[in-house]
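What follows is a set of notes on a single structure, which appears directly below.
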Amino acid sequence: MSNWYNLSAEQAAAELKTDWLNGLAGAEVAERLREFGPNQLRERKLTPAWKIFFDQFKDIMIIVLLLAALVSGLIGEVKDTVMILIIVIINALLGTTQQARAEKAIAALKKLTGPQAMVVRAGQIVKIDSSELAPGDLILLEAGNYIPADIRLLKSVNLKVDESALTGESVPVEKTDEPLAGANVLVNDQTNMAFAGTIVVYGRARGIVVETGMRTEVGKIARLIESSEAEETPLQKRFAELGKWLAGIALSICFIVFLAGVLEGDNVFEMLLTSISLAVAAIPEGLPAVITISLALGAYRMAKKKAVIRKLPAVETLGSTTVICSDKTGTLTQNKMKVQSVNPFRENERGLLLKAGALCNDATSEIGDPTETALVSAAEDAGFSKKELENDYPRHQEIPFDSTRKMMTTLHRLTDGSYVAFAKGALEIIIERTVLGPAEKERVLAESRQYEAGGQRVLGLAYKKDQHRPQELTETELEFLGYVAMSDPPRPEAFEAVKLCRQAGIRPIMITGDHKLTALAIAIELGIAKSDSEVLTGRELEAMSVPELKEKVKAINVFARVSPEHKLRIIEALKSRGEIVAMTGDGVNDAPALKKADIGIAMGESGTDVARAAADMVLTDDNFATIVAAVEEGRGIYDNIKKFIRYMLSTNSGEIFTMFFSIVLRWPLPLLPIHILWVNLVTDGLPAVALSAEPIEKGIMQKPPRDPNESIFAGGLLMSMLGIGTLMAVGTLCLFSLNLNGTGIDKARTVAFTTLSLLQMAHVLNCRSLDKSIFKLGLFSNVYLALAVGSTIVLQVLVVYVPFLQFAFRTVPLEAIDWLLIAVVSLTPIFFVEARKLITARYRP
């Protein structure tokens, strides 16, 4: 049964075979718990650490390295095998540490079911653990209760429920016990139902439990979270492409060289070693670790800016975001009602109007129904303390608010012994109970519609002076005091944040469970939308096919009255158009969408545990503007990642060409596998990590988001890589050939090994900027890079001169003339790239 809201109280009780006066008996409860299970949400098993560790070995670059280690071992190169295995294991440990994040969304959802519930069983009122609730249980609710299951209300007395965490509704919902007409009524509009995970803020009720555990609305969200598979980030997609590309090159070169050598009559094992050397040269072994470290450093910097990253790839994803889908309540707005306009009917009664709002009121400025707290705050802002007012005008009698009358009236004793009654409620109700004439009533109602059209809530206030003894309190022939208009106002910082998003080419979209007019008013005020043509409601969305929604989302900037399922459809439609989607939110209703989005952003202060557990990033200050700072950091990180990819692939191509040209020339191998591993991990690795600390270039937020389909080789990377690689190979082989005939193979290899290492140190300086000269940047403006280059040169010197390292790397000492020639050749990439930057700058339009 799904449409419980269509049934009368008697029909609901009959459907569940429950005595709606005495509740269930003990035996019946036990039977139903066996049938339906406990009132708990199903937990999803976490991936064990060992599985995460072994998953690291599925990467195609790692597989090629493992094959290289195997073949090296078979041909007796044990040192090479050990070095490769150490590298692979270190990389796997790093990946495991960073990837092992807990899937706590379902566990957090469990906490939303109240720990205890008051039920009627066998005619007795008993308090039980909420997990022991069964369908058909009679339950009692009062202000302050967490609602532990989905409940059809049987008797409701002034009940108001805060459903903001479930639906996004900013104002507590007034509940009734009357059946509703119509099918497919949205959760937001099911006023005779109370849902698990929401809170009673006012009144009391008696109801019957209709759904428990995973069958509740919260349970449906839990299933959506389970079914929302983690999406690959743009960076992960690009590196999957890069890994396949590099592995393909490596295996192709290995096969060609091995086949050519064997056909020429060369030793099979020697050709295997040569092929392995080329495979190792083609694959940048340190790249996965450098990427991980770079993202971790970015996450650390973002945490200092109050954006905590839960998944490392999210750091880069932020930089490519094209759309930010934001919840309204508590994210773009303050989640706190505020009186925006006070409209006294008579100018001299403004103070009395504010006093009436504070006295005909059961809240304080901090605690209570949001509408009532707003009235108290407005009075206190005008200098009227609620505590002092209650002392001066003690309450003598009251008629509580109910959903039928839609008003509340209180009677207060004045200092002279007389009494005054204050009434508040829906303006159209209050004004009909006043002594105003028809023309005046129509004029006031017409004036108030401008506020309602702007998404504000309008409340009327009136009073009635009584004689010197209290009579039976009535709500007729009241004197109209005026009305107030209130709303949940935007966060002050949200205005600038939305503006900066627009400047950065990012489209902000509001997705909310709130009403259309309220959502549109906030969207127009913030600059998210301009007119109601940019608004789509959940009911309208429900009627659309997938292709229709895909076409519609390009012009819609506000989605109102939407359910969690709708949010998923919206995100899927946007992603089908090639958008990189970030979703912000703080409620339970946001969790599935947070997980489905390319990057989910949860609020840390006001957000639920569910939202935080499902998100990729958490804002610790709940500040929408923090997202903009995080986007800027993400763009800077991606720029730096491209810089060190440019560096690492250029140097790897230098290694490949060095080895390949030597084979073509029928020379001995200028580099051994151990040399290549050293170059790939130390000479490449340390400077590449230091490049990730390069300061963010100016104007990065004035550029549009990059194309999500942009290749990792975009921006001339391939040509640059080939050009610099060729230059490095020529320089290395020139010095290798100089020493090959005169001083022997060990000396020649030591010179080639050192030349290639120092060529890379020179080129890493080029990679700091694609268009700015290193002399303008300053050699020491990135201190980490200066230290990395200096440290790498020192390590290279140690490898050449320390005896046990000489044995491990098969090097010999070099003379001063060798170092001079190496230094001259090593500077050639700087001259080459600086000349290109100068020419490009001169002819740039």
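Naming works like this for the structure tokens: A, B, ... for the chains as they're shown, residue 1 at the start of each chain, ligands 1 onward in shown order.
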
Non-local contacts of A:Lys747 (9 Å; only C-alpha atoms; under 6 positions in same chain excluded) as an MDAnalysis selection string: chainID A and resid 736 739:740 811:814

Could you save those same residues with N, CA, C and O atoms as a PDB file, in the first residue's frame?
ATOM      1  N   PHE A 736      77.147  10.427 -25.035  1.00  0.00           N
ATOM      2  CA  PHE A 736      77.351   8.980 -24.911  1.00  0.00           C
ATOM      3  C   PHE A 736      78.338   8.487 -25.969  1.00  0.00           C
ATOM      4  O   PHE A 736      79.281   7.742 -25.668  1.00  0.00           O
ATOM      5  N   ASN A 739      82.057   9.360 -25.421  1.00  0.00           N
ATOM      6  CA  ASN A 739      82.765   8.566 -24.422  1.00  0.00           C
ATOM      7  C   ASN A 739      82.793   7.080 -24.746  1.00  0.00           C
ATOM      8  O   ASN A 739      83.572   6.337 -24.143  1.00  0.00           O
ATOM      9  N   LEU A 740      81.942   6.649 -25.668  1.00  0.00           N
ATOM     10  CA  LEU A 740      81.792   5.215 -25.926  1.00  0.00           C
ATOM     11  C   LEU A 740      83.086   4.589 -26.437  1.00  0.00           C
ATOM     12  O   LEU A 740      83.511   3.529 -25.958  1.00  0.00           O
ATOM     13  N   THR A 811      77.823   2.810 -11.960  1.00  0.00           N
ATOM     14  CA  THR A 811      78.384   4.090 -12.398  1.00  0.00           C
ATOM     15  C   THR A 811      79.877   4.161 -12.053  1.00  0.00           C
ATOM     16  O   THR A 811      80.376   3.381 -11.222  1.00  0.00           O
ATOM     17  N   VAL A 812      80.552   5.120 -12.681  1.00  0.00           N
ATOM     18  CA  VAL A 812      81.971   5.386 -12.383  1.00  0.00           C
ATOM     19  C   VAL A 812      82.140   6.887 -12.170  1.00  0.00           C
ATOM     20  O   VAL A 812      81.307   7.675 -12.649  1.00  0.00           O
ATOM     21  N   PRO A 813      83.204   7.312 -11.466  1.00  0.00           N
ATOM     22  CA  PRO A 813      83.395   8.758 -11.225  1.00  0.00           C
ATOM     23  C   PRO A 813      83.609   9.516 -12.531  1.00  0.00           C
ATOM     24  O   PRO A 813      84.182   9.011 -13.494  1.00  0.00           O
ATOM     25  N   LEU A 814      83.154  10.780 -12.544  1.00  0.00           N
ATOM     26  CA  LEU A 814      83.318  11.658 -13.711  1.00  0.00           C
ATOM     27  C   LEU A 814      84.343  12.742 -13.388  1.00  0.00           C
ATOM     28  O   LEU A 814      84.538  13.121 -12.235  1.00  0.00           O
TER      29      LEU A 814
END

One-decimal distance in Å that lies between atom CA of A:Asp162 and atom CA of A:Asn343: 28.0 Å

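Nearest residue to A:Lys837, choosing from A:His412, A:Lys776, A:Trp819, A:Arg561 and counting only C-alpha atoms: A:Lys776.
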
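Residue neighbourhood of stretch 476-483 of chain A, excluding near-sequence residues (fewer than 6 positions): Val342, Asn343, Pro344, Phe345, Glu349, Leu353, Ile431, Arg433, Thr434, Val435, Val458, Leu459, Gly460, Leu461, Ala462, Tyr463 and Lys464 of chain A, at 7 Å, using only C-alpha atoms.
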
Write a file of the selected residues as a PDB file, in the first residue's frame, keeping C-alpha atoms.
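Just written: part24.pdb:
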ATOM      1  CA  VAL A 342       6.037  45.687   8.855  1.00  0.00           C
ATOM      2  CA  ASN A 343       2.814  47.269   7.572  1.00  0.00           C
ATOM      3  CA  PRO A 344       0.660  48.883  10.301  1.00  0.00           C
ATOM      4  CA  PHE A 345      -2.889  49.782   9.291  1.00  0.00           C
ATOM      5  CA  GLU A 349       0.201  51.549  15.827  1.00  0.00           C
ATOM      6  CA  LEU A 353       1.614  45.650  15.964  1.00  0.00           C
ATOM      7  CA  ILE A 431      -9.086  40.507   8.191  1.00  0.00           C
ATOM      8  CA  ARG A 433     -12.814  38.861  11.675  1.00  0.00           C
ATOM      9  CA  THR A 434     -12.181  42.605  11.930  1.00  0.00           C
ATOM     10  CA  VAL A 435     -14.543  45.564  11.792  1.00  0.00           C
ATOM     11  CA  VAL A 458       2.111  37.286   5.087  1.00  0.00           C
ATOM     12  CA  LEU A 459       0.561  37.242   8.583  1.00  0.00           C
ATOM     13  CA  GLY A 460      -2.228  39.512   9.784  1.00  0.00           C
ATOM     14  CA  LEU A 461      -2.528  40.847  13.364  1.00  0.00           C
ATOM     15  CA  ALA A 462      -5.489  42.337  15.213  1.00  0.00           C
ATOM     16  CA  TYR A 463      -6.565  43.170  18.740  1.00  0.00           C
ATOM     17  CA  LYS A 464      -9.630  43.705  20.858  1.00  0.00           C
TER      18      LYS A 464
END

Per-residue DSSP, stretch 362-526 of chain A, filtered to strand (DSSP E), as a PyMOL selection string: chain A and resi 395-399+407-413+419-426+457-465+479-487+507-511

I'd like the contact shell of stretch 646-652 of chain A - 10 Å cut-off, only C-alpha atoms, skipping same-chain residues fewer than 4 positions apart - returned as a short mmCIF file (atom, residue, chain, number, x, y, z; two decimals) with N, CA, C and O atoms, in the first residue's frame.
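Output file selection27.cif is given in full below:
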data_model
loop_
_atom_site.label_atom_id
_atom_site.label_comp_id
_atom_site.auth_asym_id
_atom_site.auth_seq_id
_atom_site.Cartn_x
_atom_site.Cartn_y
_atom_site.Cartn_z
N LEU A 246 49.90 5.03 -23.16
CA LEU A 246 51.29 4.75 -22.83
C LEU A 246 51.59 3.26 -22.87
O LEU A 246 52.64 2.82 -23.35
N VAL A 280 59.95 0.12 -19.54
CA VAL A 280 60.12 0.92 -18.32
C VAL A 280 60.28 2.39 -18.66
O VAL A 280 59.75 3.27 -17.98
N ALA A 281 61.00 2.68 -19.75
CA ALA A 281 61.20 4.07 -20.17
C ALA A 281 59.89 4.72 -20.60
O ALA A 281 59.66 5.91 -20.37
N ALA A 282 59.02 3.92 -21.22
CA ALA A 282 57.78 4.48 -21.77
C ALA A 282 56.77 4.82 -20.69
O ALA A 282 55.91 5.68 -20.89
N ILE A 283 56.86 4.15 -19.55
CA ILE A 283 55.84 4.34 -18.51
C ILE A 283 56.39 5.19 -17.38
O ILE A 283 57.39 4.83 -16.76
N PRO A 284 55.74 6.33 -17.08
CA PRO A 284 56.19 7.16 -15.95
C PRO A 284 55.73 6.55 -14.63
O PRO A 284 54.63 6.81 -14.15
N GLU A 285 56.60 5.68 -14.05
CA GLU A 285 56.21 4.94 -12.85
C GLU A 285 55.78 5.85 -11.70
O GLU A 285 54.93 5.50 -10.89
N GLY A 286 56.39 7.01 -11.62
CA GLY A 286 56.08 7.90 -10.50
C GLY A 286 54.82 8.72 -10.66
O GLY A 286 54.37 9.35 -9.71
N LEU A 287 54.21 8.66 -11.87
CA LEU A 287 53.06 9.54 -12.13
C LEU A 287 51.88 9.30 -11.19
O LEU A 287 51.34 10.26 -10.64
N ASN A 640 48.45 22.89 -12.54
CA ASN A 640 49.74 22.36 -12.09
C ASN A 640 49.91 20.89 -12.46
O ASN A 640 51.02 20.45 -12.77
N ILE A 641 48.80 20.14 -12.43
CA ILE A 641 48.88 18.74 -12.86
C ILE A 641 49.30 18.67 -14.32
O ILE A 641 50.14 17.85 -14.72
N LYS A 642 48.72 19.54 -15.16
CA LYS A 642 49.10 19.55 -16.57
C LYS A 642 50.57 19.92 -16.74
O LYS A 642 51.25 19.40 -17.62
N ILE A 656 62.72 7.33 -24.08
CA ILE A 656 62.33 6.39 -25.16
C ILE A 656 63.19 6.64 -26.39
O ILE A 656 63.75 5.71 -26.99
N PHE A 657 63.28 7.91 -26.80
CA PHE A 657 64.06 8.23 -28.01
C PHE A 657 65.54 7.89 -27.83
O PHE A 657 66.19 7.42 -28.77
N THR A 658 66.04 8.12 -26.62
CA THR A 658 67.44 7.78 -26.36
C THR A 658 67.68 6.29 -26.57
O THR A 658 68.65 5.88 -27.23
N ILE A 676 66.84 4.00 -15.66
CA ILE A 676 65.55 4.54 -16.09
C ILE A 676 64.59 4.64 -14.91
O ILE A 676 63.85 5.62 -14.77
N VAL A 679 65.61 7.67 -12.91
CA VAL A 679 65.18 8.90 -13.58
C VAL A 679 63.68 9.10 -13.43
O VAL A 679 63.20 10.19 -13.12
N ASN A 680 62.91 8.03 -13.62
CA ASN A 680 61.45 8.14 -13.58
C ASN A 680 60.92 8.46 -12.18
O ASN A 680 59.89 9.11 -12.03
N THR A 683 64.42 11.69 -10.39
CA THR A 683 64.63 12.87 -11.23
C THR A 683 63.31 13.44 -11.71
O THR A 683 63.13 14.65 -11.81
N ASP A 684 62.36 12.56 -12.03
CA ASP A 684 61.02 13.02 -12.42
C ASP A 684 60.19 13.38 -11.18
O ASP A 684 59.51 14.40 -11.14
N GLY A 685 60.21 12.49 -10.20
CA GLY A 685 59.24 12.57 -9.10
C GLY A 685 59.35 13.79 -8.21
O GLY A 685 58.35 14.50 -8.00
N PRO A 687 60.86 16.88 -8.53
CA PRO A 687 60.47 18.16 -9.14
C PRO A 687 59.00 18.20 -9.54
O PRO A 687 58.36 19.26 -9.47
N ALA A 688 58.45 17.06 -9.96
CA ALA A 688 57.03 17.04 -10.35
C ALA A 688 56.15 17.37 -9.16
O ALA A 688 55.16 18.11 -9.28
N LEU A 691 56.27 21.00 -8.51
CA LEU A 691 55.47 21.78 -9.46
C LEU A 691 54.04 21.95 -8.97
O LEU A 691 53.36 22.93 -9.30
N ILE A 712 44.01 15.03 -22.56
CA ILE A 712 45.15 15.33 -21.70
C ILE A 712 46.29 15.94 -22.51
O ILE A 712 47.18 16.60 -21.98
N PHE A 713 46.24 15.75 -23.85
CA PHE A 713 47.31 16.26 -24.71
C PHE A 713 46.95 17.60 -25.36
O PHE A 713 47.66 18.07 -26.25
N GLY A 716 48.84 21.73 -27.24
CA GLY A 716 50.17 21.52 -27.83
C GLY A 716 51.08 20.63 -27.03
O GLY A 716 52.30 20.61 -27.26
N LEU A 717 50.51 19.86 -26.09
CA LEU A 717 51.34 19.01 -25.23
C LEU A 717 52.10 17.96 -26.04
O LEU A 717 53.28 17.72 -25.81
N LEU A 718 51.43 17.34 -27.00
CA LEU A 718 52.06 16.27 -27.76
C LEU A 718 53.28 16.76 -28.54
O LEU A 718 54.35 16.16 -28.50
N MET A 719 53.13 17.90 -29.25
CA MET A 719 54.25 18.44 -30.03
C MET A 719 55.40 18.88 -29.11
O MET A 719 56.58 18.66 -29.42
N SER A 720 55.03 19.51 -27.98
CA SER A 720 56.05 19.93 -27.03
C SER A 720 56.81 18.72 -26.49
O SER A 720 58.04 18.72 -26.37
N MET A 721 56.06 17.67 -26.15
CA MET A 721 56.65 16.45 -25.61
C MET A 721 57.63 15.83 -26.61
O MET A 721 58.77 15.47 -26.26
N LEU A 722 57.22 15.74 -27.88
CA LEU A 722 58.08 15.14 -28.90
C LEU A 722 59.31 15.99 -29.18
O LEU A 722 60.42 15.47 -29.34
N GLY A 723 59.09 17.32 -29.21
CA GLY A 723 60.23 18.22 -29.50
C GLY A 723 61.27 18.18 -28.40
O GLY A 723 62.48 18.02 -28.68
N ILE A 724 60.84 18.33 -27.15
CA ILE A 724 61.78 18.31 -26.03
C ILE A 724 62.41 16.93 -25.88
O ILE A 724 63.60 16.79 -25.59
N GLY A 725 61.60 15.87 -26.09
CA GLY A 725 62.13 14.51 -25.98
C GLY A 725 63.24 14.26 -26.99
O GLY A 725 64.27 13.66 -26.67
N THR A 726 63.03 14.74 -28.21
CA THR A 726 64.05 14.58 -29.25
C THR A 726 65.32 15.34 -28.88
O THR A 726 66.44 14.83 -29.03
N LEU A 727 65.15 16.58 -28.39
CA LEU A 727 66.29 17.40 -27.98
C LEU A 727 67.10 16.70 -26.88
O LEU A 727 68.33 16.67 -26.92
N MET A 728 66.40 16.13 -25.89
CA MET A 728 67.09 15.42 -24.79
C MET A 728 67.83 14.19 -25.32
O MET A 728 68.96 13.91 -24.90
N ALA A 729 67.18 13.45 -26.22
CA ALA A 729 67.81 12.24 -26.75
C ALA A 729 69.07 12.57 -27.53
O ALA A 729 70.11 11.91 -27.39
N LEU A 756 71.08 12.99 -18.98
CA LEU A 756 69.62 12.93 -19.07
C LEU A 756 68.97 13.46 -17.79
O LEU A 756 67.97 14.20 -17.83
N SER A 757 69.56 13.16 -16.64
CA SER A 757 69.02 13.64 -15.36
C SER A 757 69.07 15.16 -15.28
O SER A 757 68.09 15.81 -14.88
N LEU A 759 69.38 17.30 -17.85
CA LEU A 759 68.50 17.88 -18.87
C LEU A 759 67.08 18.04 -18.31
O LEU A 759 66.40 19.04 -18.55
N GLN A 760 66.68 17.05 -17.54
CA GLN A 760 65.34 17.12 -16.96
C GLN A 760 65.24 18.21 -15.90
O GLN A 760 64.20 18.86 -15.77
N MET A 761 66.30 18.43 -15.15
CA MET A 761 66.28 19.51 -14.15
C MET A 761 66.14 20.88 -14.81
O MET A 761 65.46 21.77 -14.28
N HIS A 763 64.64 21.34 -17.76
CA HIS A 763 63.33 21.42 -18.38
C HIS A 763 62.21 21.64 -17.36
O HIS A 763 61.18 22.26 -17.68
N VAL A 764 62.38 21.18 -16.13
CA VAL A 764 61.32 21.39 -15.14
C VAL A 764 61.11 22.88 -14.86
O VAL A 764 60.00 23.32 -14.56
N LEU A 765 62.18 23.68 -15.02
CA LEU A 765 62.03 25.13 -14.86
C LEU A 765 61.17 25.70 -15.99
O LEU A 765 60.38 26.63 -15.77
N ASN A 766 61.31 25.15 -17.20
CA ASN A 766 60.47 25.59 -18.33
C ASN A 766 58.99 25.35 -18.06
O ASN A 766 58.13 26.12 -18.49
N CYS A 767 58.70 24.25 -17.36
CA CYS A 767 57.31 23.81 -17.20
C CYS A 767 56.54 24.61 -16.15
O CYS A 767 55.35 24.36 -15.95
N ARG A 768 57.17 25.54 -15.47
CA ARG A 768 56.48 26.32 -14.45
C ARG A 768 55.36 27.18 -15.06
O ARG A 768 54.38 27.50 -14.39
N LEU A 770 53.37 28.01 -19.09
CA LEU A 770 53.33 27.71 -20.52
C LEU A 770 53.71 28.90 -21.38
O LEU A 770 54.10 28.73 -22.53
#

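When only C-alpha atoms are used to compute distances to A:Thr792, the closest of the residues A:Asp622, A:Lys772, A:Val682, A:Glu697 turns out to be A:Val682.
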
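Across A:Asp488, A:Glu432, A:Glu447, A:Glu366, the tightest approach to A:Gln334 is made by A:Asp488 when counting only C-alpha atoms.
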
Exercise: A:Ala303 partners within 10 Å, only C-alpha atoms, chain neighbours under 2 positions left out, as an MDAnalysis selection string: chainID A and resid 297:301 305:309 617:620 630

Residue contacts of stretch 698-709 of chain A (12 Å, only C-alpha atoms) excluding same-chain residues fewer than 3 positions away, as a VMD selection string: chain A and resid 233 to 238 241 316 to 323 499 to 507 575 577 to 581 598 628 to 639 695 712 to 715 769 772

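From atom CA of A:Pro38 back to atom CA of A:Tyr146, the distance works out to 17.5 Å.
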
If we count only C-alpha atoms and set the cut-off at 12 Å, which residues sit around A:Ala382, ignoring sequence neighbours fewer than 2 positions away in its own chain? Please answer as a CSV table (one decimal) with all heavy atoms, in the first residue's frame.
chain,number,residue,atom,x,y,z
A,339,VAL,N,11.4,38.8,9.5
A,339,VAL,CA,10.4,39.8,9.0
A,339,VAL,C,11.0,40.8,8.1
A,339,VAL,O,12.0,41.5,8.5
A,339,VAL,CB,9.7,40.5,10.3
A,339,VAL,CG1,8.8,41.6,9.8
A,339,VAL,CG2,8.9,39.5,11.1
A,342,VAL,N,7.1,45.5,7.8
A,342,VAL,CA,6.0,45.7,8.9
A,342,VAL,C,5.1,46.7,8.3
A,342,VAL,O,5.5,47.9,8.0
A,342,VAL,CB,6.6,46.1,10.2
A,342,VAL,CG1,5.6,46.4,11.2
A,342,VAL,CG2,7.7,45.1,10.7
A,350,ARG,N,2.4,51.0,14.9
A,350,ARG,CA,3.5,50.1,14.5
A,350,ARG,C,4.0,49.4,15.7
A,350,ARG,O,4.2,48.2,15.7
A,350,ARG,CB,4.6,50.9,13.8
A,350,ARG,CG,5.8,50.1,13.4
A,350,ARG,CD,6.9,50.9,12.8
A,350,ARG,NE,8.1,50.1,12.5
A,350,ARG,CZ,8.2,49.5,11.3
A,350,ARG,NH1,7.3,49.7,10.4
A,350,ARG,NH2,9.3,48.8,11.1
A,351,GLY,N,4.2,50.1,16.8
A,351,GLY,CA,4.7,49.5,18.0
A,351,GLY,C,3.8,48.5,18.6
A,351,GLY,O,4.2,47.4,19.0
A,352,LEU,N,2.5,48.8,18.6
A,352,LEU,CA,1.5,47.9,19.1
A,352,LEU,C,1.4,46.6,18.2
A,352,LEU,O,1.2,45.5,18.7
A,352,LEU,CB,0.1,48.5,19.1
A,352,LEU,CG,-1.1,47.7,19.7
A,352,LEU,CD1,-0.7,47.3,21.2
A,352,LEU,CD2,-2.4,48.5,19.7
A,353,LEU,N,1.6,46.8,16.9
A,353,LEU,CA,1.6,45.6,16.0
A,353,LEU,C,2.8,44.7,16.3
A,353,LEU,O,2.6,43.5,16.4
A,353,LEU,CB,1.8,46.2,14.5
A,353,LEU,CG,2.0,45.1,13.4
A,353,LEU,CD1,0.8,44.2,13.3
A,353,LEU,CD2,2.3,45.8,12.1
A,354,LEU,N,3.9,45.2,16.6
A,354,LEU,CA,5.1,44.4,16.9
A,354,LEU,C,4.9,43.7,18.3
A,354,LEU,O,5.3,42.6,18.5
A,354,LEU,CB,6.4,45.3,16.9
A,354,LEU,CG,6.8,45.7,15.5
A,354,LEU,CD1,7.9,46.8,15.6
A,354,LEU,CD2,7.3,44.6,14.7
A,355,LYS,N,4.3,44.5,19.2
A,355,LYS,CA,4.1,43.9,20.5
A,355,LYS,C,3.1,42.7,20.4
A,355,LYS,O,3.3,41.7,21.0
A,355,LYS,CB,3.5,45.0,21.5
A,355,LYS,CG,4.5,46.0,22.0
A,355,LYS,CD,3.8,47.0,22.9
A,355,LYS,CE,4.7,48.1,23.4
A,355,LYS,NZ,4.0,49.1,24.2
A,358,ALA,N,4.8,39.6,19.3
A,358,ALA,CA,5.6,38.9,20.3
A,358,ALA,C,4.8,38.3,21.4
A,358,ALA,O,5.2,37.3,21.9
A,358,ALA,CB,6.6,40.0,20.9
A,375,LEU,N,8.8,36.8,14.5
A,375,LEU,CA,8.0,37.9,15.1
A,375,LEU,C,8.7,38.4,16.3
A,375,LEU,O,8.7,39.6,16.6
A,375,LEU,CB,6.6,37.4,15.3
A,375,LEU,CG,5.7,37.1,14.1
A,375,LEU,CD1,4.4,36.4,14.5
A,375,LEU,CD2,5.4,38.4,13.4
A,376,VAL,N,9.2,37.5,17.2
A,376,VAL,CA,9.8,37.9,18.4
A,376,VAL,C,11.1,38.7,18.1
A,376,VAL,O,11.4,39.7,18.7
A,376,VAL,CB,10.2,36.7,19.3
A,376,VAL,CG1,11.0,37.1,20.5
A,376,VAL,CG2,8.9,35.9,19.7
A,377,SER,N,11.9,38.3,17.1
A,377,SER,CA,13.1,39.0,16.7
A,377,SER,C,12.8,40.4,16.2
A,377,SER,O,13.5,41.3,16.5
A,377,SER,CB,13.9,38.2,15.7
A,377,SER,OG,14.3,37.0,16.2
A,378,ALA,N,11.7,40.5,15.4
A,378,ALA,CA,11.3,41.8,14.9
A,378,ALA,C,11.0,42.8,16.0
A,378,ALA,O,11.3,43.9,16.0
A,378,ALA,CB,10.1,41.7,13.9
A,379,ALA,N,10.2,42.3,17.0
A,379,ALA,CA,9.9,43.1,18.2
A,379,ALA,C,11.1,43.5,19.0
A,379,ALA,O,11.3,44.7,19.4
A,379,ALA,CB,8.9,42.3,19.1
A,380,GLU,N,12.0,42.5,19.2
A,380,GLU,CA,13.2,42.8,20.0
A,380,GLU,C,14.1,43.8,19.2
A,380,GLU,O,14.8,44.6,19.8
A,380,GLU,CB,13.9,41.5,20.3
A,380,GLU,CG,13.1,40.7,21.3
A,380,GLU,CD,13.9,39.4,21.8
A,380,GLU,OE1,14.9,39.0,21.1
A,380,GLU,OE2,13.4,38.8,22.8
A,384,PHE,N,11.5,46.0,21.9
A,384,PHE,CA,10.5,45.4,22.8
A,384,PHE,C,10.9,44.0,23.2
A,384,PHE,O,10.9,43.1,22.4
A,384,PHE,CB,9.1,45.3,22.1
A,384,PHE,CG,8.6,46.7,21.6
A,384,PHE,CD1,8.4,46.9,20.2
A,384,PHE,CD2,8.3,47.7,22.5
A,384,PHE,CE1,8.0,48.1,19.8
A,384,PHE,CE2,7.8,48.9,22.1
A,384,PHE,CZ,7.7,49.1,20.7
A,385,SER,N,11.4,43.9,24.4
A,385,SER,CA,11.9,42.6,24.9
A,385,SER,C,10.7,41.7,25.2
A,385,SER,O,9.7,42.1,25.9
A,385,SER,CB,12.7,42.8,26.2
A,385,SER,OG,12.8,41.6,26.9
A,386,LYS,N,10.7,40.5,24.7
A,386,LYS,CA,9.6,39.6,25.0
A,386,LYS,C,9.4,39.3,26.5
A,386,LYS,O,8.3,39.3,27.0
A,386,LYS,CB,9.8,38.2,24.2
A,386,LYS,CG,8.6,37.2,24.4
A,386,LYS,CD,8.8,36.0,23.6
A,386,LYS,CE,7.8,35.0,23.9
A,386,LYS,NZ,6.4,35.3,23.5

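Atom CA of A:Thr409 sits 12.9 Å away from atom CA of A:Lys465.
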
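Counting only C-alpha atoms and comparing A:Ala9, A:Ile324, A:Leu295, A:Ile556, the residue that lies closest to A:Val498 is A:Ile324.
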
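Nearest residue to A:Val218, choosing from A:Lys127, A:Arg42, A:Lys175, A:Lys244 and counting only C-alpha atoms: A:Arg42.
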
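Distances here use only C-alpha atoms; by that measure, the residue among A:Cys254, A:Leu574, A:Leu686, A:Met302 closest to A:Phe660 is A:Cys254.
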